[in-house]
Every structure is written in C-alpha cells, then in structure tokens.
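Participant: Data file model_35.pdb (PDB, C-alpha atoms) is appended below.
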ATOM      1  CA  MET A   1      22.135  34.617  -6.271
ATOM      2  CA  THR A   2      21.304  34.097  -9.927
ATOM      3  CA  GLY A   3      18.445  32.215 -11.542
ATOM      4  CA  THR A   4      19.140  28.893 -13.216
ATOM      5  CA  THR A   5      17.295  27.067 -15.939
ATOM      6  CA  THR A   6      17.118  23.654 -17.474
ATOM      7  CA  PRO A   7      19.139  23.124 -20.682
ATOM      8  CA  ALA A   8      17.764  24.878 -23.762
ATOM      9  CA  GLY A   9      15.393  22.708 -25.749
ATOM     10  CA  ALA A  10      14.552  20.427 -22.814
ATOM     11  CA  ASP A  11      11.335  18.564 -23.338
ATOM     12  CA  GLU A  12       8.441  20.574 -21.901
ATOM     13  CA  GLN A  13       6.439  17.512 -21.008
ATOM     14  CA  ALA A  14       9.368  16.005 -19.128
ATOM     15  CA  LEU A  15       9.751  19.207 -17.115
ATOM     16  CA  ARG A  16       6.101  19.094 -16.125
ATOM     17  CA  ARG A  17       6.159  15.385 -15.303
ATOM     18  CA  GLY A  18       9.154  16.007 -13.077
ATOM     19  CA  VAL A  19       6.911  18.111 -10.837
ATOM     20  CA  LEU A  20       3.376  16.764 -11.342
ATOM     21  CA  VAL A  21       1.742  13.355 -11.556
ATOM     22  CA  ASP A  22      -1.802  12.867 -12.849
ATOM     23  CA  VAL A  23      -4.334  10.671 -11.099
ATOM     24  CA  ASP A  24      -4.288   7.871 -13.676
ATOM     25  CA  GLU A  25      -0.513   7.564 -13.545
ATOM     26  CA  LEU A  26      -0.614   7.466  -9.755
ATOM     27  CA  ALA A  27      -3.279   4.741  -9.838
ATOM     28  CA  ALA A  28      -1.058   2.671 -12.119
ATOM     29  CA  ARG A  29       2.008   3.291  -9.940
ATOM     30  CA  LEU A  30       0.148   2.215  -6.804
ATOM     31  CA  ALA A  31      -0.454  -1.151  -8.436
ATOM     32  CA  ASP A  32       3.285  -1.662  -9.018
ATOM     33  CA  ASP A  33       5.487  -3.889  -6.880
ATOM     34  CA  ASP A  34       7.300  -0.794  -5.605
ATOM     35  CA  PRO A  35       4.637   1.932  -5.279
ATOM     36  CA  PRO A  36       5.437   5.495  -4.276
ATOM     37  CA  LEU A  37       4.804   6.734  -0.766
ATOM     38  CA  VAL A  38       1.715   8.969  -0.847
ATOM     39  CA  LEU A  39       1.562  11.784   1.710
ATOM     40  CA  ASP A  40      -1.734  13.512   2.489
ATOM     41  CA  VAL A  41      -1.163  17.135   3.536
ATOM     42  CA  ARG A  42      -4.600  18.496   4.435
ATOM     43  CA  TRP A  43      -4.243  22.061   5.694
ATOM     44  CA  ALA A  44      -5.933  25.425   5.303
ATOM     45  CA  LEU A  45      -5.350  28.718   7.093
ATOM     46  CA  GLY A  46      -7.633  28.913  10.119
ATOM     47  CA  ARG A  47      -8.699  25.240  10.027
ATOM     48  CA  THR A  48      -7.579  22.416  12.281
ATOM     49  CA  ASP A  49      -9.552  19.454  10.917
ATOM     50  CA  GLY A  50      -7.032  18.145   8.389
ATOM     51  CA  HIS A  51      -6.530  14.855  10.210
ATOM     52  CA  GLU A  52     -10.265  14.299  10.491
ATOM     53  CA  GLN A  53     -10.651  14.920   6.747
ATOM     54  CA  HIS A  54      -7.883  12.415   6.063
ATOM     55  CA  LEU A  55      -9.490   9.762   8.247
ATOM     56  CA  ALA A  56     -12.800  10.204   6.416
ATOM     57  CA  ALA A  57     -11.367   9.619   2.928
ATOM     58  CA  HIS A  58      -7.935   9.535   1.306
ATOM     59  CA  VAL A  59      -5.991   7.983  -1.554
ATOM     60  CA  PRO A  60      -5.469   4.323  -0.573
ATOM     61  CA  GLY A  61      -2.315   3.978   1.512
ATOM     62  CA  ALA A  62      -1.778   7.727   1.900
ATOM     63  CA  VAL A  63      -0.102   8.731   5.175
ATOM     64  CA  TYR A  64      -1.293  11.872   6.918
ATOM     65  CA  VAL A  65       1.232  14.677   7.413
ATOM     66  CA  ASP A  66       0.583  17.556   9.805
ATOM     67  CA  LEU A  67       1.840  20.722   8.151
ATOM     68  CA  ASP A  68       1.954  22.844  11.302
ATOM     69  CA  THR A  69       3.930  20.389  13.444
ATOM     70  CA  GLU A  70       5.840  18.203  10.966
ATOM     71  CA  LEU A  71       6.581  20.548   8.060
ATOM     72  CA  ALA A  72       7.500  23.585  10.163
ATOM     73  CA  ALA A  73       9.326  24.606  13.305
ATOM     74  CA  PRO A  74       7.334  26.384  16.048
ATOM     75  CA  PRO A  75       6.139  29.851  15.001
ATOM     76  CA  SER A  76       7.695  33.061  16.268
ATOM     77  CA  SER A  77       7.585  36.740  15.431
ATOM     78  CA  ALA A  78      11.277  36.573  14.538
ATOM     79  CA  ASP A  79      11.013  33.664  12.100
ATOM     80  CA  GLY A  80       7.385  33.670  10.960
ATOM     81  CA  ARG A  81       4.406  31.342  11.256
ATOM     82  CA  HIS A  82       5.977  28.345   9.490
ATOM     83  CA  PRO A  83       9.783  28.445   9.848
ATOM     84  CA  LEU A  84      11.737  25.684   8.175
ATOM     85  CA  PRO A  85      12.133  22.706  10.499
ATOM     86  CA  ALA A  86      15.555  21.481  11.549
ATOM     87  CA  VAL A  87      16.748  18.777   9.163
ATOM     88  CA  ALA A  88      17.008  16.259  12.005
ATOM     89  CA  ASP A  89      13.391  16.916  12.999
ATOM     90  CA  LEU A  90      12.204  16.584   9.402
ATOM     91  CA  GLU A  91      14.155  13.350   8.993
ATOM     92  CA  ARG A  92      12.565  11.908  12.131
ATOM     93  CA  CYS A  93       9.097  12.797  10.836
ATOM     94  CA  ALA A  94       9.826  11.469   7.343
ATOM     95  CA  ARG A  95      10.961   8.136   8.765
ATOM     96  CA  GLY A  96       7.737   8.090  10.758
ATOM     97  CA  TRP A  97       5.785   8.444   7.500
ATOM     98  CA  GLY A  98       7.614   5.374   6.211
ATOM     99  CA  LEU A  99       9.905   7.190   3.777
ATOM    100  CA  ARG A 100      12.710   4.886   2.635
ATOM    101  CA  GLU A 101      16.008   5.963   1.115
ATOM    102  CA  GLY A 102      15.610   6.281  -2.662
ATOM    103  CA  ALA A 103      11.811   5.900  -2.614
ATOM    104  CA  ALA A 104       9.460   7.917  -4.812
ATOM    105  CA  VAL A 105       7.003  10.254  -3.099
ATOM    106  CA  VAL A 106       3.674  11.731  -4.213
ATOM    107  CA  VAL A 107       2.175  14.530  -2.131
ATOM    108  CA  ALA A 108      -1.504  15.396  -2.223
ATOM    109  CA  ASP A 109      -4.168  17.450  -0.516
ATOM    110  CA  ALA A 110      -7.897  17.928  -1.003
ATOM    111  CA  GLY A 111      -7.574  20.024  -4.154
ATOM    112  CA  GLY A 112      -5.056  22.042  -6.090
ATOM    113  CA  GLY A 113      -1.909  21.285  -4.113
ATOM    114  CA  THR A 114      -1.549  24.605  -2.323
ATOM    115  CA  SER A 115      -0.785  22.889   0.994
ATOM    116  CA  ALA A 116       0.800  19.708  -0.404
ATOM    117  CA  ALA A 117       3.335  21.903  -2.194
ATOM    118  CA  ARG A 118       4.927  22.642   1.185
ATOM    119  CA  ALA A 119       5.826  18.948   1.498
ATOM    120  CA  TRP A 120       6.951  18.864  -2.154
ATOM    121  CA  TRP A 121       9.286  21.820  -1.602
ATOM    122  CA  LEU A 122      10.562  20.748   1.809
ATOM    123  CA  LEU A 123      11.434  17.198   0.742
ATOM    124  CA  ARG A 124      13.121  18.465  -2.429
ATOM    125  CA  TRP A 125      15.018  20.993  -0.311
ATOM    126  CA  ALA A 126      16.053  18.154   2.019
ATOM    127  CA  GLY A 127      17.519  16.123  -0.848
ATOM    128  CA  VAL A 128      14.684  13.756  -1.839
ATOM    129  CA  ARG A 129      14.864  13.732  -5.630
ATOM    130  CA  ASP A 130      11.679  11.953  -6.709
ATOM    131  CA  VAL A 131       8.832  14.003  -5.231
ATOM    132  CA  ARG A 132       5.785  14.983  -7.262
ATOM    133  CA  LEU A 133       2.506  16.771  -6.639
ATOM    134  CA  LEU A 134      -0.751  14.986  -7.421
ATOM    135  CA  ASP A 135      -2.291  17.295 -10.014
ATOM    136  CA  GLY A 136      -5.782  18.200  -8.843
ATOM    137  CA  GLY A 137      -5.406  16.325  -5.557
ATOM    138  CA  LEU A 138      -8.077  14.162  -3.999
ATOM    139  CA  ALA A 139     -10.834  15.991  -5.880
ATOM    140  CA  ALA A 140      -9.350  14.957  -9.227
ATOM    141  CA  TRP A 141      -8.719  11.436  -7.923
ATOM    142  CA  VAL A 142     -12.378  11.000  -6.970
ATOM    143  CA  ALA A 143     -13.642  12.681 -10.151
ATOM    144  CA  ALA A 144     -11.677  10.140 -12.194
ATOM    145  CA  GLY A 145     -13.455   7.296 -10.420
ATOM    146  CA  HIS A 146     -10.516   6.048  -8.381
ATOM    147  CA  PRO A 147     -11.261   4.512  -4.965
ATOM    148  CA  VAL A 148     -10.667   6.099  -1.583
ATOM    149  CA  GLU A 149     -10.235   4.521   1.815
ATOM    150  CA  ALA A 150     -10.970   5.668   5.342
ATOM    151  CA  GLY A 151      -9.226   5.263   8.672
ATOM    152  CA  ALA A 152      -5.653   5.318   9.866
ATOM    153  CA  VAL A 153      -2.892   3.878   7.675
ATOM    154  CA  PRO A 154      -0.354   1.512   9.294
ATOM    155  CA  VAL A 155       3.228   2.594   8.683
ATOM    156  CA  GLU A 156       6.488   0.675   8.688
ATOM    157  CA  PRO A 157       9.238   3.130   9.743
ATOM    158  CA  GLY A 158      11.547   4.306   6.974
ATOM    159  CA  ASP A 159      15.286   4.864   6.807
ATOM    160  CA  VAL A 160      15.622   8.007   4.677
ATOM    161  CA  VAL A 161      18.622  10.263   5.306
ATOM    162  CA  LEU A 162      17.926  13.958   4.725
ATOM    163  CA  THR A 163      20.311  16.846   4.247
ATOM    164  CA  GLY A 164      19.150  20.355   3.378
ATOM    165  CA  GLY A 165      19.826  23.227   1.030
ATOM    166  CA  ALA A 166      19.082  21.410  -2.242
ATOM    167  CA  LEU A 167      16.668  24.192  -3.255
ATOM    168  CA  PRO A 168      17.445  27.914  -2.987
ATOM    169  CA  THR A 169      16.087  30.159  -0.243
ATOM    170  CA  VAL A 170      16.418  33.830   0.621
ATOM    171  CA  ASP A 171      16.086  35.683   3.906
ATOM    172  CA  ALA A 172      14.455  39.084   4.350
ATOM    173  CA  ASP A 173      17.505  40.957   3.037
ATOM    174  CA  GLY A 174      17.675  38.622   0.063
ATOM    175  CA  ALA A 175      13.993  39.168  -0.659
ATOM    176  CA  ALA A 176      14.490  42.935  -0.611
ATOM    177  CA  ASP A 177      17.435  42.590  -2.977
ATOM    178  CA  LEU A 178      15.408  40.447  -5.384
ATOM    179  CA  ALA A 179      12.609  43.005  -5.366
ATOM    180  CA  ALA A 180      15.128  45.659  -6.382
ATOM    181  CA  ARG A 181      17.385  43.720  -8.760
ATOM    182  CA  GLY A 182      15.386  40.709  -9.930
ATOM    183  CA  VAL A 183      11.787  39.533  -9.616
ATOM    184  CA  LEU A 184      10.069  38.974  -6.264
ATOM    185  CA  LEU A 185       6.594  37.438  -6.516
ATOM    186  CA  ASP A 186       3.946  37.756  -3.791
ATOM    187  CA  ALA A 187       1.794  34.614  -3.921
ATOM    188  CA  ARG A 188      -0.954  35.840  -1.572
ATOM    189  CA  ALA A 189      -4.419  36.992  -2.629
ATOM    190  CA  VAL A 190      -4.451  40.379  -4.337
ATOM    191  CA  GLU A 191      -6.371  41.950  -1.438
ATOM    192  CA  ARG A 192      -3.643  41.014   1.023
ATOM    193  CA  TYR A 193      -0.902  42.173  -1.347
ATOM    194  CA  ALA A 194      -2.662  45.520  -1.719
ATOM    195  CA  GLY A 195      -3.022  45.931   2.040
ATOM    196  CA  GLU A 196      -6.815  46.061   1.810
ATOM    197  CA  VAL A 197      -7.189  43.157   4.259
ATOM    198  CA  GLU A 198      -4.814  41.371   6.612
ATOM    199  CA  PRO A 199      -6.386  38.511   8.565
ATOM    200  CA  VAL A 200      -3.380  37.210  10.509
ATOM    201  CA  ASP A 201      -0.254  39.367  10.323
ATOM    202  CA  PRO A 202       0.461  42.611  12.226
ATOM    203  CA  ARG A 203       0.867  44.937   9.232
ATOM    204  CA  ALA A 204      -0.901  44.990   5.883
ATOM    205  CA  GLY A 205       0.773  45.452   2.521
ATOM    206  CA  HIS A 206       3.669  43.920   0.627
ATOM    207  CA  VAL A 207       7.428  43.997   0.231
ATOM    208  CA  PRO A 208       8.232  47.137  -1.786
ATOM    209  CA  GLY A 209       8.924  46.177  -5.383
ATOM    210  CA  ALA A 210       7.234  42.775  -5.150
ATOM    211  CA  ARG A 211       4.799  41.802  -7.892
ATOM    212  CA  SER A 212       1.374  40.359  -7.156
ATOM    213  CA  ALA A 213       1.113  36.746  -8.378
ATOM    214  CA  PRO A 214      -1.627  34.884  -6.480
ATOM    215  CA  THR A 215      -0.967  31.164  -6.208
ATOM    216  CA  THR A 216      -4.565  30.372  -7.103
ATOM    217  CA  ASP A 217      -3.928  31.736 -10.599
ATOM    218  CA  ASN A 218      -1.642  28.755 -11.253
ATOM    219  CA  LEU A 219      -4.763  26.578 -11.358
ATOM    220  CA  GLY A 220      -7.683  26.128 -13.692
ATOM    221  CA  PRO A 221     -11.337  25.827 -12.611
ATOM    222  CA  ASP A 222     -10.839  22.061 -12.142
ATOM    223  CA  GLY A 223      -8.087  22.580  -9.559
ATOM    224  CA  ARG A 224      -5.371  21.299 -11.876
ATOM    225  CA  PHE A 225      -2.310  23.253 -12.947
ATOM    226  CA  LEU A 226      -2.822  25.372 -16.036
ATOM    227  CA  PRO A 227      -1.319  24.027 -19.275
ATOM    228  CA  ALA A 228       2.348  24.872 -19.721
ATOM    229  CA  GLY A 229       1.665  27.525 -22.345
ATOM    230  CA  ALA A 230      -0.816  29.362 -20.136
ATOM    231  CA  LEU A 231       1.549  29.203 -17.157
ATOM    232  CA  ARG A 232       4.385  30.506 -19.274
ATOM    233  CA  GLU A 233       2.281  33.465 -20.423
ATOM    234  CA  ARG A 234       1.195  34.172 -16.848
ATOM    235  CA  PHE A 235       4.725  34.391 -15.564
ATOM    236  CA  ALA A 236       6.036  36.219 -18.632
ATOM    237  CA  SER A 237       3.511  38.961 -17.887
ATOM    238  CA  LEU A 238       5.167  39.229 -14.460
ATOM    239  CA  GLY A 239       8.644  39.499 -15.938
ATOM    240  CA  VAL A 240       9.649  35.860 -15.346
ATOM    241  CA  ARG A 241      11.326  33.963 -18.179
ATOM    242  CA  ARG A 242      13.716  31.048 -18.405
ATOM    243  CA  GLY A 243      17.204  32.449 -18.409
ATOM    244  CA  GLY A 244      15.958  35.843 -17.203
ATOM    245  CA  ASP A 245      16.342  37.693 -13.933
ATOM    246  CA  ALA A 246      16.654  35.816 -10.649
ATOM    247  CA  VAL A 247      13.270  35.011  -9.112
ATOM    248  CA  GLY A 248      12.039  34.671  -5.544
ATOM    249  CA  VAL A 249       8.609  33.943  -4.103
ATOM    250  CA  TYR A 250       6.954  34.649  -0.760
ATOM    251  CA  CYS A 251       3.428  34.410   0.648
ATOM    252  CA  GLY A 252       2.033  34.660   4.167
ATOM    253  CA  SER A 253       4.257  32.039   5.773
ATOM    254  CA  GLY A 254       6.069  30.077   3.062
ATOM    255  CA  VAL A 255       3.289  27.568   2.298
ATOM    256  CA  THR A 256       1.440  28.661  -0.829
ATOM    257  CA  ALA A 257       4.640  30.243  -2.151
ATOM    258  CA  ALA A 258       5.958  26.689  -2.494
ATOM    259  CA  HIS A 259       3.140  26.058  -4.982
ATOM    260  CA  GLU A 260       4.420  28.939  -7.074
ATOM    261  CA  VAL A 261       7.953  27.559  -6.906
ATOM    262  CA  ALA A 262       6.548  24.238  -8.169
ATOM    263  CA  ALA A 263       4.690  25.939 -11.026
ATOM    264  CA  LEU A 264       7.880  27.733 -12.054
ATOM    265  CA  ALA A 265       9.896  24.506 -11.787
ATOM    266  CA  SER A 266       7.457  22.885 -14.224
ATOM    267  CA  LEU A 267       8.559  25.555 -16.721
ATOM    268  CA  GLY A 268      12.269  25.111 -16.038
ATOM    269  CA  VAL A 269      12.670  28.161 -13.805
ATOM    270  CA  ASP A 270      14.368  27.685 -10.419
ATOM    271  CA  ALA A 271      12.888  30.211  -7.984
ATOM    272  CA  ALA A 272      14.074  30.848  -4.444
ATOM    273  CA  LEU A 273      11.614  30.592  -1.557
ATOM    274  CA  TYR A 274      11.528  33.205   1.199
ATOM    275  CA  PRO A 275      10.486  30.922   4.093
ATOM    276  CA  GLY A 276       9.750  33.694   6.603
ATOM    277  CA  SER A 277       7.518  35.473   4.090
ATOM    278  CA  TRP A 278       5.119  38.234   5.123
ATOM    279  CA  SER A 279       4.602  36.752   8.609
ATOM    280  CA  GLN A 280       8.276  37.489   9.319
ATOM    281  CA  TRP A 281       8.634  40.707   7.341
ATOM    282  CA  SER A 282       5.555  42.368   8.844
ATOM    283  CA  HIS A 283       6.706  41.713  12.412
ATOM    284  CA  ASP A 284       9.912  43.705  11.845
ATOM    285  CA  ALA A 285       9.011  47.381  12.222
ATOM    286  CA  SER A 286      12.279  48.369  10.536
ATOM    287  CA  ARG A 287      11.172  46.771   7.264
ATOM    288  CA  PRO A 288       9.326  49.084   4.855
ATOM    289  CA  LEU A 289       6.046  48.121   3.260
ATOM    290  CA  ALA A 290       4.009  49.170   0.269
ATOM    291  CA  VAL A 291       0.260  49.151  -0.340
ATOM    292  CA  GLY A 292      -1.909  49.308  -3.440
ATOM    293  CA  ARG A 293      -2.346  47.099  -6.464
TER
END
Would you give me this structure, written as structure tokens?
Facilitator:
Amino acid sequence: MTGTTTPAGADEQALRRGVLVDVDELAARLADDDPPLVLDVRWALGRTDGHEQHLAAHVPGAVYVDLDTELAAPPSSADGRHPLPAVADLERCARGWGLREGAAVVVADAGGGTSAARAWWLLRWAGVRDVRLLDGGLAAWVAAGHPVEAGAVPVEPGDVVLTGGALPTVDADGAADLAARGVLLDARAVERYAGEVEPVDPRAGHVPGARSAPTTDNLGPDGRFLPAGALRERFASLGVRRGGDAVGVYCGSGVTAAHEVAALASLGVDAALYPGSWSQWSHDASRPLAVGR
C-alpha cells in the first residue's frame, strides 16, 4: 500500500472544509430547504450515558448514534473491542438514522470530535461522500450562542445504499509492515503508548516502530482542530508529509485513530486505519510489543 495525496497546489482551505464544518456554517445549513443529517455520537471509554446526554441537550434535529452497537460489530479478543460492522448492518442502522442516498451528513459529539470521528470515518469508508465533523462539537455550538433542544428526535427512515472499502485499512500484518517501512502512528495517550498504564487491554506497550501521536494533540484548548499550519508542523515532526511515506494510524480500538485520519485528511494525506488496533494486537501473544517513550 502506498500513501496518496491531493493534487499539488490544492487549496488548503478547501481541504479543511472537506473534512470539517464550523458551527456558524452548520447553523446556516440547518436553515436551508435541504439541511444535512446531523448525527450525535456521544461516547467515552468507560461511560454508558451517551444517550442520556443526547436527550438532555443536542443540536436541533440531531439523531443519536450508539457507537458500541451501531458503529461496531460485537467485540472479541480476535478482532478487538470495536471491529468494523458488516456493511449490511451499517446500512440498516444508517437508514434508521434517516440517511438518504446523496444526503450530506454532519457528525458531532460533546467536544472535539474524538468519538464522532468514528462515524465520519465509517460513513466515508462505506461510500458516503459528503460527511463532515462539527469542529468543536456541541461545546463550540453552545459557546457560539446557537440553540439546543432536548428529547428524542423523530426519524423518517432513509434509503441510503452503502458499500465499503472507500477508505484504506490495514490488518495487524499491515500495521507491522507500516511501522517498518512507512509511518505508523499510535493515537493513544503517551502513557498508554509507553506501557506505563493500560486500563483495558491485556498487555501494555505499543507496536514496535510505531510513533506516539496522541489524538488530543490535534486539538487546541477550545476543542477545535488546530490551524492547518500547526497540524502540518505536528505531523511533519512525526515524519508525515504529503507525498511522503505511507501512513497508518491505530489507537485502542479504532475510535480515536479515526480522528487522526480526519486530521491528516484535512492536510491532504490519506492514512490507513488499523481497525483492530491495540485491543486486537495485545490479545495476540505472538505479536511483539515495545515500551518506553
């Protein structure tokens, strides 16, 4: 697998707007005759109250999406905590959210998009072309003075047809090869990468040769994505450049790594996701690991 880039000289702002939407633009789009479908993906490791948070306050019209049951297949030691769902299952869920063929989608969560990015990646992977992350999420929406609503959102079933494979992925062997011959980024917290702590998986450490690149460093203090120049410098320091070596990303279970794929896409770099991530790798005793920063 080789990395791909957008054409040289492509407009930087257009690249970013292809991945992100700001709160004011979304507010204007929601007032259109054909507004985008907004999906609310509230999720955090170790928490189960996403639906309750959604019911308390969300972007008007936003439909709740359950990451664990709708954006992933059942967990297993062989495939990890959030395996990719079957396309047919994802299509059934997407129709249940009201997703129509050809419709635009905006995905959001409570803050910086680290859980919403899973829906962004999965729908792009499944062939939905117009999917964007709400930059700063609900926090930015509220801070800008836009209204929220409470309660369940009625949904008219959609008719979207999904495929699969529109974005690149790698398996464990592919991740190992990228670590040796390209660039493999570990999007978890530095402490987990270093093997100093491991709250959920059976072994602590990282894929040998992977480079520590915490997803949270894609964001500024306000929960929005860093400016393009700052993001470019961040990834350049990790050996990632447009037109450079092939790039892959993993995390604990393929959720926050999707955020890193989105950040790279906003710079014109197409990175592969390792869906099984550390939750798969660490369960396989035959796979080596490394520790330390």
Participant: Would you write out, as a Markdown table, a table of all residues in segment 41-86 of chain A that have an atom no more than 8 Å from an atom of segment 142-166 of chain A, listing for each the closest atom pair and the distance in Å to one decimal, considering only C-alpha atoms and ordering rows by chain and rising residue number?
Facilitator:
| residue | atom | partner | partner_atom | distance |
| --- | --- | --- | --- | --- |
| A:His54 | CA | A:Ala150 | CA | 7.5 |
| A:Leu55 | CA | A:Gly151 | CA | 4.5 |
| A:Ala56 | CA | A:Ala150 | CA | 5.0 |
| A:Ala57 | CA | A:Ala150 | CA | 4.6 |
| A:His58 | CA | A:Val148 | CA | 5.3 |
| A:Val59 | CA | A:Val148 | CA | 5.0 |
| A:Pro60 | CA | A:Glu149 | CA | 5.3 |
| A:Gly61 | CA | A:Val153 | CA | 6.2 |
| A:Ala62 | CA | A:Val153 | CA | 7.0 |
| A:Val63 | CA | A:Val153 | CA | 6.1 |
Participant: Here is a test: counting all atoms listed in the file, which residue of A:Glu101, A:Asp68, A:Asp109, A:Asp130 is nearest to Val19 of chain A?
Facilitator: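 Of all the options, A:Asp130 lies closest to Val19 of chain A.
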Participant: Would you write out, as a PyMOL selection string, every residue that the PyMOL selection byres ((chain A and resi 16) around 8) captures in this file?
Facilitator: chain A and resi 12-15+17-20+228+265-267
Participant: Would you put the residues from that selection into a file with C-alpha atoms, as an mmCIF file, keeping the file's coordinate frame?
Facilitator:
data_model
loop_
_atom_site.group_PDB
_atom_site.id
_atom_site.type_symbol
_atom_site.label_atom_id
_atom_site.label_comp_id
_atom_site.auth_asym_id
_atom_site.auth_seq_id
_atom_site.Cartn_x
_atom_site.Cartn_y
_atom_site.Cartn_z
ATOM 1 C CA GLU A 12 8.441 20.574 -21.901
ATOM 2 C CA GLN A 13 6.439 17.512 -21.008
ATOM 3 C CA ALA A 14 9.368 16.005 -19.128
ATOM 4 C CA LEU A 15 9.751 19.207 -17.115
ATOM 5 C CA ARG A 17 6.159 15.385 -15.303
ATOM 6 C CA GLY A 18 9.154 16.007 -13.077
ATOM 7 C CA VAL A 19 6.911 18.111 -10.837
ATOM 8 C CA LEU A 20 3.376 16.764 -11.342
ATOM 9 C CA ALA A 228 2.348 24.872 -19.721
ATOM 10 C CA ALA A 265 9.896 24.506 -11.787
ATOM 11 C CA SER A 266 7.457 22.885 -14.224
ATOM 12 C CA LEU A 267 8.559 25.555 -16.721
#
Participant: Tell me, as an MDAnalysis selection string, which residues lie within 12 Å of Val128 of chain A, counting all atoms listed in the file; anything in the same chain fewer than 2 positions away does not count.
Facilitator: chainID A and resid 90:91 94 99:106 119:126 130:132 160:167
Participant: Point out the residue among A:Ser253, A:Pro199, A:Pro168, A:Val190 with the least atom-to-atom distance to Ala72 of chain A, counting only C-alpha atoms.
Facilitator: A:Ser253
Participant: List the residues matched by the PyMOL selection byres ((chain A and resi 277) around 10) in the displayed structure as an mmCIF file with C-alpha atoms, in the frame of the given file, ordered by chain and then by residue number.
Facilitator:
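The new file expr.cif reads:
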data_model
loop_
_atom_site.group_PDB
_atom_site.id
_atom_site.type_symbol
_atom_site.label_atom_id
_atom_site.label_comp_id
_atom_site.auth_asym_id
_atom_site.auth_seq_id
_atom_site.Cartn_x
_atom_site.Cartn_y
_atom_site.Cartn_z
ATOM 1 C CA ASP A 79 11.013 33.664 12.100
ATOM 2 C CA GLY A 80 7.385 33.670 10.960
ATOM 3 C CA ARG A 81 4.406 31.342 11.256
ATOM 4 C CA HIS A 82 5.977 28.345 9.490
ATOM 5 C CA PRO A 83 9.783 28.445 9.848
ATOM 6 C CA VAL A 170 16.418 33.830 0.621
ATOM 7 C CA ASP A 171 16.086 35.683 3.906
ATOM 8 C CA ALA A 172 14.455 39.084 4.350
ATOM 9 C CA ALA A 175 13.993 39.168 -0.659
ATOM 10 C CA ASP A 186 3.946 37.756 -3.791
ATOM 11 C CA ALA A 187 1.794 34.614 -3.921
ATOM 12 C CA HIS A 206 3.669 43.920 0.627
ATOM 13 C CA VAL A 207 7.428 43.997 0.231
ATOM 14 C CA VAL A 249 8.609 33.943 -4.103
ATOM 15 C CA TYR A 250 6.954 34.649 -0.760
ATOM 16 C CA CYS A 251 3.428 34.410 0.648
ATOM 17 C CA GLY A 252 2.033 34.660 4.167
ATOM 18 C CA SER A 253 4.257 32.039 5.773
ATOM 19 C CA GLY A 254 6.069 30.077 3.062
ATOM 20 C CA VAL A 255 3.289 27.568 2.298
ATOM 21 C CA ALA A 257 4.640 30.243 -2.151
ATOM 22 C CA LEU A 273 11.614 30.592 -1.557
ATOM 23 C CA TYR A 274 11.528 33.205 1.199
ATOM 24 C CA PRO A 275 10.486 30.922 4.093
ATOM 25 C CA GLY A 276 9.750 33.694 6.603
ATOM 26 C CA TRP A 278 5.119 38.234 5.123
ATOM 27 C CA SER A 279 4.602 36.752 8.609
ATOM 28 C CA GLN A 280 8.276 37.489 9.319
ATOM 29 C CA TRP A 281 8.634 40.707 7.341
ATOM 30 C CA SER A 282 5.555 42.368 8.844
#
Participant: So how far away is atom CA of Glu70 of chain A from atom CA of Arg92 of chain A, in Å?
Facilitator: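 Rounded to one decimal, the two atoms are 9.3 Å apart.
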Participant: Apply the PyMOL selection byres ((chain A and resi 139) around 10) to the structure shown and report the selected residues as a PyMOL selection string.
Facilitator: chain A and resi 23+109-112+135-138+140-144+222-224
Participant: Restricting it to C-alpha atoms, dump the selection as a short mmCIF file (atom, residue, chain, number, x, y, z; two decimals), keeping the file's coordinate frame.
Facilitator:
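So out_6.cif came out as:
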data_model
loop_
_atom_site.label_atom_id
_atom_site.label_comp_id
_atom_site.auth_asym_id
_atom_site.auth_seq_id
_atom_site.Cartn_x
_atom_site.Cartn_y
_atom_site.Cartn_z
CA VAL A 23 -4.33 10.67 -11.10
CA ASP A 109 -4.17 17.45 -0.52
CA ALA A 110 -7.90 17.93 -1.00
CA GLY A 111 -7.57 20.02 -4.15
CA GLY A 112 -5.06 22.04 -6.09
CA ASP A 135 -2.29 17.30 -10.01
CA GLY A 136 -5.78 18.20 -8.84
CA GLY A 137 -5.41 16.32 -5.56
CA LEU A 138 -8.08 14.16 -4.00
CA ALA A 140 -9.35 14.96 -9.23
CA TRP A 141 -8.72 11.44 -7.92
CA VAL A 142 -12.38 11.00 -6.97
CA ALA A 143 -13.64 12.68 -10.15
CA ALA A 144 -11.68 10.14 -12.19
CA ASP A 222 -10.84 22.06 -12.14
CA GLY A 223 -8.09 22.58 -9.56
CA ARG A 224 -5.37 21.30 -11.88
#
Participant: Would you compute the distance between atom CA of Leu134 of chain A and atom CA of Gly229 of chain A? Give it in Å to one decimal.
Facilitator: 19.6 Å
Participant: One number please: atom CA of Ala290 of chain A to atom CA of Thr216 of chain A, in Å, one decimal.
Facilitator: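 A separation of 21.9 Å between them.
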Participant: Which of these residues is nearest to Ser115 of chain A, using all atoms listed in the file: A:Asp245, A:Glu260, A:Glu233, A:Asp24?
Facilitator: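 Smallest separation from Ser115 of chain A among the options: A:Glu260.
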Participant: Between A:Gly248, A:Pro208, A:Pro214, A:Gly292, single out the one closest to Val183 of chain A, counting all atoms listed in the file.
Facilitator: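 Closest candidate: A:Gly248.
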Participant: Considering only C-alpha atoms, state which residue in the set A:Leu37, A:His51, A:Ala78, A:Ala263 is at the smallest distance from Arg95 of chain A.
Facilitator: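 Under the stated criterion, the closest residue is A:Leu37.
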Participant: Leaving out Ala116 of chain A and any residue of its chain fewer than 4 positions from it, which residues lie within 6 Å of it when counting all atoms listed in the file, given as a PyMOL selection string?
Facilitator: chain A and resi 41+107-109
Participant: Kindly export the residues of the current selection with C-alpha atoms, as a compact mmCIF listing (two decimals), in the frame of the given file.
Facilitator:
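And here's part_5.txt as it stands now:
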# COMPACT_ATOMS: atom_id res chain seq x y z
CA VAL A 41 -1.16 17.14 3.54
CA VAL A 107 2.17 14.53 -2.13
CA ALA A 108 -1.50 15.40 -2.22
CA ASP A 109 -4.17 17.45 -0.52
Participant: Find the residue from A:Gly98, A:Pro85, A:Gly205, A:Gly268 that sits nearest to Pro36 of chain A; use all atoms listed in the file when measuring.
Facilitator: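 Of A:Gly98, A:Pro85, A:Gly205, A:Gly268, the one nearest Pro36 of chain A, counting all atoms listed in the file, is A:Gly98.
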